[in-house]
Every structure is written in C-alpha cells, then in structure tokens.
>>> print(open('coords-v4.cif').read())   # mmCIF, C-alpha atoms
data_entry
loop_
_atom_site.group_PDB
_atom_site.id
_atom_site.type_symbol
_atom_site.label_atom_id
_atom_site.label_comp_id
_atom_site.auth_asym_id
_atom_site.auth_seq_id
_atom_site.Cartn_x
_atom_site.Cartn_y
_atom_site.Cartn_z
ATOM 1 C CA GLN Z 14 90.439 3.682 -16.061
ATOM 2 C CA VAL Z 15 94.058 3.783 -14.888
ATOM 3 C CA GLN Z 16 95.577 7.041 -13.714
ATOM 4 C CA LEU Z 17 99.247 7.795 -13.177
ATOM 5 C CA VAL Z 18 100.582 10.553 -10.935
ATOM 6 C CA GLU Z 19 104.265 11.512 -10.960
ATOM 7 C CA SER Z 20 106.092 13.271 -8.172
ATOM 8 C CA GLY Z 21 109.625 14.078 -7.084
ATOM 9 C CA GLY Z 22 110.688 16.527 -9.749
ATOM 10 C CA GLY Z 23 112.565 19.697 -8.977
ATOM 11 C CA GLN Z 24 115.772 21.596 -9.542
ATOM 12 C CA VAL Z 25 119.155 20.082 -8.835
ATOM 13 C CA GLN Z 26 122.758 21.000 -9.540
ATOM 14 C CA PRO Z 27 124.806 19.075 -12.091
ATOM 15 C CA GLY Z 28 126.082 15.878 -10.539
ATOM 16 C CA GLY Z 29 123.161 15.713 -8.152
ATOM 17 C CA SER Z 30 120.408 13.132 -7.760
ATOM 18 C CA LEU Z 31 116.643 12.979 -7.815
ATOM 19 C CA ARG Z 32 114.144 10.184 -7.398
ATOM 20 C CA LEU Z 33 110.883 10.353 -9.275
ATOM 21 C CA SER Z 34 107.844 8.339 -8.275
ATOM 22 C CA CYS Z 35 104.813 7.366 -10.292
ATOM 23 C CA THR Z 36 101.799 5.890 -8.551
ATOM 24 C CA ALA Z 37 98.996 4.164 -10.399
ATOM 25 C CA SER Z 38 95.377 3.998 -9.398
ATOM 26 C CA ALA Z 39 92.181 2.784 -10.970
ATOM 27 C CA SER Z 40 88.511 2.619 -10.172
ATOM 28 C CA ALA Z 41 88.203 -0.918 -11.480
ATOM 29 C CA ARG Z 42 88.637 -3.592 -8.850
ATOM 30 C CA THR Z 43 90.247 -5.749 -11.512
ATOM 31 C CA PHE Z 44 93.194 -3.375 -11.895
ATOM 32 C CA THR Z 45 96.471 -5.142 -11.200
ATOM 33 C CA PHE Z 46 99.564 -2.960 -11.349
ATOM 34 C CA SER Z 47 101.856 -5.945 -11.763
ATOM 35 C CA ASN Z 48 100.283 -6.621 -15.167
ATOM 36 C CA TYR Z 49 101.658 -3.355 -16.543
ATOM 37 C CA ALA Z 50 105.070 -2.643 -17.979
ATOM 38 C CA MET Z 51 106.127 0.811 -16.850
ATOM 39 C CA GLY Z 52 108.197 3.329 -18.717
ATOM 40 C CA TRP Z 53 109.639 6.773 -18.253
ATOM 41 C CA PHE Z 54 109.854 9.286 -21.080
ATOM 42 C CA ARG Z 55 111.039 12.871 -21.163
ATOM 43 C CA GLN Z 56 110.520 15.931 -23.266
ATOM 44 C CA ALA Z 57 112.956 18.800 -23.305
ATOM 45 C CA PRO Z 58 111.942 22.275 -24.515
ATOM 46 C CA GLY Z 59 111.712 22.365 -28.279
ATOM 47 C CA LYS Z 60 112.311 18.642 -28.630
ATOM 48 C CA GLU Z 61 110.173 15.593 -29.173
ATOM 49 C CA ARG Z 62 109.320 13.282 -26.326
ATOM 50 C CA GLU Z 63 111.857 10.489 -26.011
ATOM 51 C CA PHE Z 64 111.975 7.120 -24.320
ATOM 52 C CA VAL Z 65 114.292 6.919 -21.315
ATOM 53 C CA ILE Z 66 113.846 3.669 -19.429
ATOM 54 C CA ALA Z 67 111.333 0.894 -18.816
ATOM 55 C CA ILE Z 68 110.724 -2.101 -16.592
ATOM 56 C CA SER Z 69 108.871 -5.206 -17.636
ATOM 57 C CA TRP Z 70 105.719 -6.473 -15.975
ATOM 58 C CA SER Z 71 106.763 -10.105 -15.913
ATOM 59 C CA ASP Z 72 110.343 -10.509 -14.715
ATOM 60 C CA GLY Z 73 111.560 -7.054 -13.736
ATOM 61 C CA SER Z 74 113.885 -6.712 -16.707
ATOM 62 C CA THR Z 75 114.890 -3.156 -17.461
ATOM 63 C CA TYR Z 76 115.624 -1.326 -20.693
ATOM 64 C CA TYR Z 77 117.151 2.100 -21.192
ATOM 65 C CA VAL Z 78 118.726 4.443 -23.667
ATOM 66 C CA ASP Z 79 122.492 4.724 -23.786
ATOM 67 C CA SER Z 80 122.499 8.316 -22.565
ATOM 68 C CA VAL Z 81 121.311 7.272 -19.094
ATOM 69 C CA LYS Z 82 123.246 4.035 -18.759
ATOM 70 C CA GLY Z 83 124.965 3.795 -15.399
ATOM 71 C CA ARG Z 84 123.157 6.881 -14.114
ATOM 72 C CA PHE Z 85 119.416 6.117 -14.100
ATOM 73 C CA THR Z 86 117.724 3.130 -12.502
ATOM 74 C CA ILE Z 87 114.102 2.067 -12.665
ATOM 75 C CA SER Z 88 112.394 -0.069 -10.057
ATOM 76 C CA ARG Z 89 108.869 -0.955 -9.039
ATOM 77 C CA ASP Z 90 106.940 -1.795 -5.917
ATOM 78 C CA ASN Z 91 103.863 -3.699 -7.012
ATOM 79 C CA ALA Z 92 102.400 -3.652 -3.507
ATOM 80 C CA LYS Z 93 102.360 0.148 -3.679
ATOM 81 C CA SER Z 94 101.468 0.339 -7.390
ATOM 82 C CA THR Z 95 104.473 2.594 -7.785
ATOM 83 C CA VAL Z 96 107.419 2.808 -10.142
ATOM 84 C CA TYR Z 97 110.538 4.778 -9.316
ATOM 85 C CA LEU Z 98 113.176 6.496 -11.400
ATOM 86 C CA GLN Z 99 116.429 7.061 -9.548
ATOM 87 C CA MET Z 100 118.534 9.618 -11.381
ATOM 88 C CA ASN Z 101 122.164 10.094 -10.377
ATOM 89 C CA SER Z 102 124.998 12.152 -11.839
ATOM 90 C CA LEU Z 103 122.470 14.442 -13.445
ATOM 91 C CA LYS Z 104 123.537 16.616 -16.351
ATOM 92 C CA PRO Z 105 122.041 19.819 -17.751
ATOM 93 C CA GLU Z 106 120.932 17.844 -20.806
ATOM 94 C CA ASP Z 107 118.696 15.757 -18.535
ATOM 95 C CA THR Z 108 116.501 18.825 -18.047
ATOM 96 C CA ALA Z 109 113.003 17.950 -19.245
ATOM 97 C CA VAL Z 110 109.468 17.131 -18.238
ATOM 98 C CA TYR Z 111 109.460 13.490 -17.224
ATOM 99 C CA TYR Z 112 106.422 11.332 -17.882
ATOM 100 C CA CYS Z 113 105.644 7.870 -16.670
ATOM 101 C CA ALA Z 114 103.577 5.540 -18.800
ATOM 102 C CA ALA Z 115 101.929 2.155 -18.439
ATOM 103 C CA ALA Z 116 101.393 -0.594 -20.984
ATOM 104 C CA PHE Z 117 99.335 -3.689 -20.279
ATOM 105 C CA GLN Z 118 101.550 -6.800 -20.497
ATOM 106 C CA LYS Z 119 103.933 -5.108 -22.909
ATOM 107 C CA SER Z 120 106.849 -7.371 -23.801
ATOM 108 C CA ASN Z 121 108.806 -5.485 -26.464
ATOM 109 C CA ASN Z 122 109.074 -2.196 -28.361
ATOM 110 C CA TRP Z 123 109.784 -0.353 -25.135
ATOM 111 C CA ALA Z 124 109.917 3.014 -26.838
ATOM 112 C CA GLY Z 125 106.619 2.383 -28.582
ATOM 113 C CA LYS Z 126 102.959 2.704 -27.705
ATOM 114 C CA TYR Z 127 101.843 2.900 -24.084
ATOM 115 C CA ASP Z 128 98.255 2.806 -22.850
ATOM 116 C CA VAL Z 129 98.248 5.382 -20.065
ATOM 117 C CA TRP Z 130 100.302 8.504 -19.366
ATOM 118 C CA GLY Z 131 100.908 10.672 -16.352
ATOM 119 C CA GLN Z 132 100.801 14.457 -16.398
ATOM 120 C CA GLY Z 133 104.561 14.864 -16.106
ATOM 121 C CA THR Z 134 106.956 16.359 -13.599
ATOM 122 C CA GLN Z 135 109.630 18.940 -14.314
ATOM 123 C CA VAL Z 136 113.286 18.148 -13.743
ATOM 124 C CA THR Z 137 115.753 21.003 -14.069
ATOM 125 C CA VAL Z 138 119.490 20.482 -13.827
ATOM 126 C CA SER Z 139 121.404 23.722 -13.523
ATOM 127 C CA ALA Z 140 123.997 25.448 -11.420
#
>>> encode(input="coords-v4.cif", output="structure tokens")
Amino acid sequence: QVQLVESGGGQVQPGGSLRLSCTASASARTFTFSNYAMGWFRQAPGKEREFVIAISWSDGSTYYVDSVKGRFTISRDNAKSTVYLQMNSLKPEDTAVYYCAAAFQKSNNWAGKYDVWGQGTQVTVSA
C-alpha cells in the first residue's frame, strides 16, 4: 500500500513563498514512484476540494488551474520518491489545506480520480 506524507506548510505573508513536499513510501518492493502521476489539491474552509496542479508520470508534463499560473510550479524527484509544489506570490485566497495525491500511470483527467491521498498540510497566507 502506498502512503503519502506532505510537509512544508505554514503561515506566510501575501507575496511570500512556500515549498511543499510530498514523499511516497510503500511496503511492496514492486512500488515504483515513477509510475505514478502526482497531483496537488487544496481545500479552503467551507469550500470543496479543488485540483491545483499535476505532473505526469511519463514525460514530466505539468497541468494546472489558471488561478496558479505563473505562481505555482510542480516538480518531482523520482530517486527520492518526492513531489514538490513551489508556491510564489502567494495570495490570501491560496489559504487552504493542501493535499498531494498519486494516480498509477494516469494520463488524462488530471482533476479526476486519484488512487492515494496524503493527510494534508495547512497553508495560511495572511498579514
């Protein structure tokens, strides 16, 4: 079974930056992180969880919502089984619990179903 653990959340002022990390682990020796597309979602208080950004498993292509374009970047280090979310120029509306998710060989529908979820990490953007 694959487990995801996020870290790096915290409080930052508007305009600031944070980098979230999500590290995958599994008991099965057959687990291969590079076979998983990775996504980041967020859920603000009183709102539904929404897709933010994803990176493919095959060619490193990235996909994101318009609200984070030019501000958020996703990357992965397969050797470390880790995906990163670099968030710059943060705004108060970015405040949410951020979740990473994994999907085995997912190639489309980036906002859709994922197989495994992390527990989330809080990001608060305020003065």
>>> closest_residue(input="coords-v4.cif", among="Z:Lys60, Z:Gly21, Z:Ala114, Z:Val15", to="Ser40 (chain Z)", atoms="only C-alpha atoms")
Z:Val15
>>> resolve_selection(input="coords-v4.cif", expression="the PyMOL selection byres ((chain Z and resi 80-94) around 8)", output="mmCIF file with C-alpha atoms, keeping the file's coordinate frame")
data_model
loop_
_atom_site.group_PDB
_atom_site.id
_atom_site.type_symbol
_atom_site.label_atom_id
_atom_site.label_comp_id
_atom_site.auth_asym_id
_atom_site.auth_seq_id
_atom_site.Cartn_x
_atom_site.Cartn_y
_atom_site.Cartn_z
ATOM 1 C CA THR Z 36 101.799 5.890 -8.551
ATOM 2 C CA ALA Z 37 98.996 4.164 -10.399
ATOM 3 C CA SER Z 38 95.377 3.998 -9.398
ATOM 4 C CA PHE Z 46 99.564 -2.960 -11.349
ATOM 5 C CA SER Z 47 101.856 -5.945 -11.763
ATOM 6 C CA VAL Z 65 114.292 6.919 -21.315
ATOM 7 C CA ILE Z 66 113.846 3.669 -19.429
ATOM 8 C CA ALA Z 67 111.333 0.894 -18.816
ATOM 9 C CA ILE Z 68 110.724 -2.101 -16.592
ATOM 10 C CA GLY Z 73 111.560 -7.054 -13.736
ATOM 11 C CA THR Z 75 114.890 -3.156 -17.461
ATOM 12 C CA TYR Z 77 117.151 2.100 -21.192
ATOM 13 C CA VAL Z 78 118.726 4.443 -23.667
ATOM 14 C CA ASP Z 79 122.492 4.724 -23.786
ATOM 15 C CA THR Z 95 104.473 2.594 -7.785
ATOM 16 C CA VAL Z 96 107.419 2.808 -10.142
ATOM 17 C CA TYR Z 97 110.538 4.778 -9.316
ATOM 18 C CA LEU Z 98 113.176 6.496 -11.400
ATOM 19 C CA GLN Z 99 116.429 7.061 -9.548
ATOM 20 C CA MET Z 100 118.534 9.618 -11.381
ATOM 21 C CA ASN Z 101 122.164 10.094 -10.377
ATOM 22 C CA SER Z 102 124.998 12.152 -11.839
ATOM 23 C CA LEU Z 103 122.470 14.442 -13.445
#
>>> atom_distance(input="coords-v4.cif", atom1="CA of Cys113 (chain Z)", atom2="CA of Phe54 (chain Z)")
6.3 Å
>>> atom_distance(input="coords-v4.cif", atom1="CA of Thr43 (chain Z)", atom2="CA of Gln132 (chain Z)")
23.3 Å
>>> resolve_selection(input="coords-v4.cif", expression="the PyMOL selection byres ((chain Z and resi 18) around 8)", output="JSON, numbers by chain")
{"Z": [16, 17, 19, 20, 35, 36, 37, 131, 132, 133]}
>>> residues_near_point(input="coords-v4.cif", point="(121.3, 16.5, -17.2)", cutoff="10 Å", atoms="only C-alpha atoms", output="number ranges by chain")
Z: 25-29, 80-81, 100-109, 136-139
>>> write_last_selection(input="coords-v4.cif", atoms="C-alpha atoms", output="PDB file, in the frame of the given file")
ATOM      1  CA  VAL Z  25     119.155  20.082  -8.835  1.00  0.00           C
ATOM      2  CA  GLN Z  26     122.758  21.000  -9.540  1.00  0.00           C
ATOM      3  CA  PRO Z  27     124.806  19.075 -12.091  1.00  0.00           C
ATOM      4  CA  GLY Z  28     126.082  15.878 -10.539  1.00  0.00           C
ATOM      5  CA  GLY Z  29     123.161  15.713  -8.152  1.00  0.00           C
ATOM      6  CA  SER Z  80     122.499   8.316 -22.565  1.00  0.00           C
ATOM      7  CA  VAL Z  81     121.311   7.272 -19.094  1.00  0.00           C
ATOM      8  CA  MET Z 100     118.534   9.618 -11.381  1.00  0.00           C
ATOM      9  CA  ASN Z 101     122.164  10.094 -10.377  1.00  0.00           C
ATOM     10  CA  SER Z 102     124.998  12.152 -11.839  1.00  0.00           C
ATOM     11  CA  LEU Z 103     122.470  14.442 -13.445  1.00  0.00           C
ATOM     12  CA  LYS Z 104     123.537  16.616 -16.351  1.00  0.00           C
ATOM     13  CA  PRO Z 105     122.041  19.819 -17.751  1.00  0.00           C
ATOM     14  CA  GLU Z 106     120.932  17.844 -20.806  1.00  0.00           C
ATOM     15  CA  ASP Z 107     118.696  15.757 -18.535  1.00  0.00           C
ATOM     16  CA  THR Z 108     116.501  18.825 -18.047  1.00  0.00           C
ATOM     17  CA  ALA Z 109     113.003  17.950 -19.245  1.00  0.00           C
ATOM     18  CA  VAL Z 136     113.286  18.148 -13.743  1.00  0.00           C
ATOM     19  CA  THR Z 137     115.753  21.003 -14.069  1.00  0.00           C
ATOM     20  CA  VAL Z 138     119.490  20.482 -13.827  1.00  0.00           C
ATOM     21  CA  SER Z 139     121.404  23.722 -13.523  1.00  0.00           C
TER      22      SER Z 139
END
>>> closest_residue(input="coords-v4.cif", among="Z:Phe64, Z:Gln24, Z:Asn122, Z:Arg42", to="Gln135 (chain Z)", atoms="all atoms listed in the file")
Z:Gln24
>>> residues_around(input="coords-v4.cif", residues="Asn121 (chain Z)", least_positions_apart="2", cutoff="12 Å", atoms="all atoms listed in the file", output="list in words")
Ala50, Met51, Gly52, Ala67, Ile68, Ser69, Trp70, Ser71, Ser74, Thr75, Tyr76, Ala116, Phe117, Gln118, Lys119, Trp123, Ala124, Gly125, Lys126 and Tyr127 of chain Z
>>> atom_distance(input="coords-v4.cif", atom1="CA of Leu31 (chain Z)", atom2="CA of Tyr49 (chain Z)")
23.8 Å
>>> decode(input="coords-v4.cif", residues="region 34-126 of chain Z", atoms="C-alpha atoms", output="compact mmCIF listing (two decimals), in the first residue's frame")
# COMPACT_ATOMS: atom_id res chain seq x y z
CA SER Z 34 6.96 18.35 -0.30
CA CYS Z 35 5.18 15.04 -0.61
CA THR Z 36 7.10 11.83 -0.12
CA ALA Z 37 5.74 8.44 -1.10
CA SER Z 38 6.50 5.13 0.51
CA ALA Z 39 5.21 1.61 0.21
CA SER Z 40 5.77 -1.76 1.77
CA ALA Z 41 5.68 -3.53 -1.57
CA ARG Z 42 9.06 -3.99 -3.18
CA THR Z 43 7.37 -3.55 -6.54
CA PHE Z 44 6.43 0.06 -5.78
CA THR Z 45 7.88 2.42 -8.36
CA PHE Z 46 7.23 6.10 -7.76
CA SER Z 47 7.97 7.00 -11.36
CA ASN Z 48 4.88 5.04 -12.43
CA TYR Z 49 2.60 7.49 -10.62
CA ALA Z 50 1.24 10.79 -11.82
CA MET Z 51 1.24 13.20 -8.90
CA GLY Z 52 -1.21 15.95 -8.16
CA TRP Z 53 -1.81 18.66 -5.62
CA PHE Z 54 -5.28 19.64 -4.47
CA ARG Z 55 -6.46 22.13 -1.89
CA GLN Z 56 -9.48 22.70 0.26
CA ALA Z 57 -10.30 26.06 1.75
CA PRO Z 58 -12.65 26.40 4.74
CA GLY Z 59 -16.24 25.96 3.67
CA LYS Z 60 -15.30 25.02 0.12
CA GLU Z 61 -14.96 21.82 -1.83
CA ARG Z 62 -11.57 20.34 -2.55
CA GLU Z 63 -10.19 21.59 -5.84
CA PHE Z 64 -7.48 20.50 -8.23
CA VAL Z 65 -4.43 22.76 -8.33
CA ILE Z 66 -1.61 21.21 -10.33
CA ALA Z 67 -0.29 17.86 -11.52
CA ILE Z 68 2.75 16.29 -13.13
CA SER Z 69 2.66 13.29 -15.41
CA TRP Z 70 4.43 10.03 -14.71
CA SER Z 71 5.75 9.56 -18.22
CA ASP Z 72 7.25 12.77 -19.59
CA GLY Z 73 7.12 15.32 -16.78
CA SER Z 74 4.36 17.37 -18.37
CA THR Z 75 2.55 19.63 -15.96
CA TYR Z 76 -1.05 20.79 -15.73
CA TYR Z 77 -2.54 23.50 -13.56
CA VAL Z 78 -5.54 25.68 -12.97
CA ASP Z 79 -5.49 29.24 -14.25
CA SER Z 80 -5.52 30.74 -10.77
CA VAL Z 81 -1.99 29.49 -10.06
CA LYS Z 82 -0.48 30.02 -13.50
CA GLY Z 83 2.88 31.75 -13.28
CA ARG Z 84 2.96 31.39 -9.50
CA PHE Z 85 2.97 27.66 -8.68
CA THR Z 86 5.35 25.06 -10.05
CA ILE Z 87 5.30 21.31 -9.59
CA SER Z 88 8.35 19.09 -9.90
CA ARG Z 89 9.36 15.58 -8.94
CA ASP Z 90 12.45 13.71 -7.88
CA ASN Z 91 11.84 10.06 -8.66
CA ALA Z 92 15.03 8.99 -6.90
CA LYS Z 93 13.62 10.44 -3.68
CA SER Z 94 10.00 9.43 -4.38
CA THR Z 95 9.09 13.04 -3.75
CA VAL Z 96 6.99 15.65 -5.50
CA TYR Z 97 7.33 19.35 -4.76
CA LEU Z 98 4.98 22.29 -5.01
CA GLN Z 99 6.75 25.63 -5.20
CA MET Z 100 4.32 28.43 -4.43
CA ASN Z 101 5.35 32.01 -5.12
CA SER Z 102 3.49 35.32 -4.95
CA LEU Z 103 1.06 33.78 -2.51
CA LYS Z 104 -2.33 35.40 -2.02
CA PRO Z 105 -4.80 35.19 0.87
CA GLU Z 106 -7.10 33.17 -1.39
CA ASP Z 107 -4.42 30.47 -1.56
CA THR Z 108 -5.12 29.70 2.10
CA ALA Z 109 -6.19 26.06 2.33
CA VAL Z 110 -5.21 22.57 3.35
CA TYR Z 111 -3.06 21.21 0.55
CA TYR Z 112 -3.17 17.53 -0.32
CA CYS Z 113 -0.94 15.54 -2.59
CA ALA Z 114 -2.32 12.58 -4.47
CA ALA Z 115 -0.98 9.76 -6.61
CA ALA Z 116 -2.51 8.01 -9.60
CA PHE Z 117 -0.96 4.96 -11.21
CA GLN Z 118 0.00 5.75 -14.83
CA LYS Z 119 -2.67 8.42 -15.11
CA SER Z 120 -2.57 10.14 -18.49
CA ASN Z 121 -5.57 12.49 -18.51
CA ASN Z 122 -8.42 13.89 -16.41
CA TRP Z 123 -5.94 15.49 -14.05
CA ALA Z 124 -8.64 16.82 -11.77
CA GLY Z 125 -10.30 13.42 -11.58
CA LYS Z 126 -9.82 10.25 -9.58
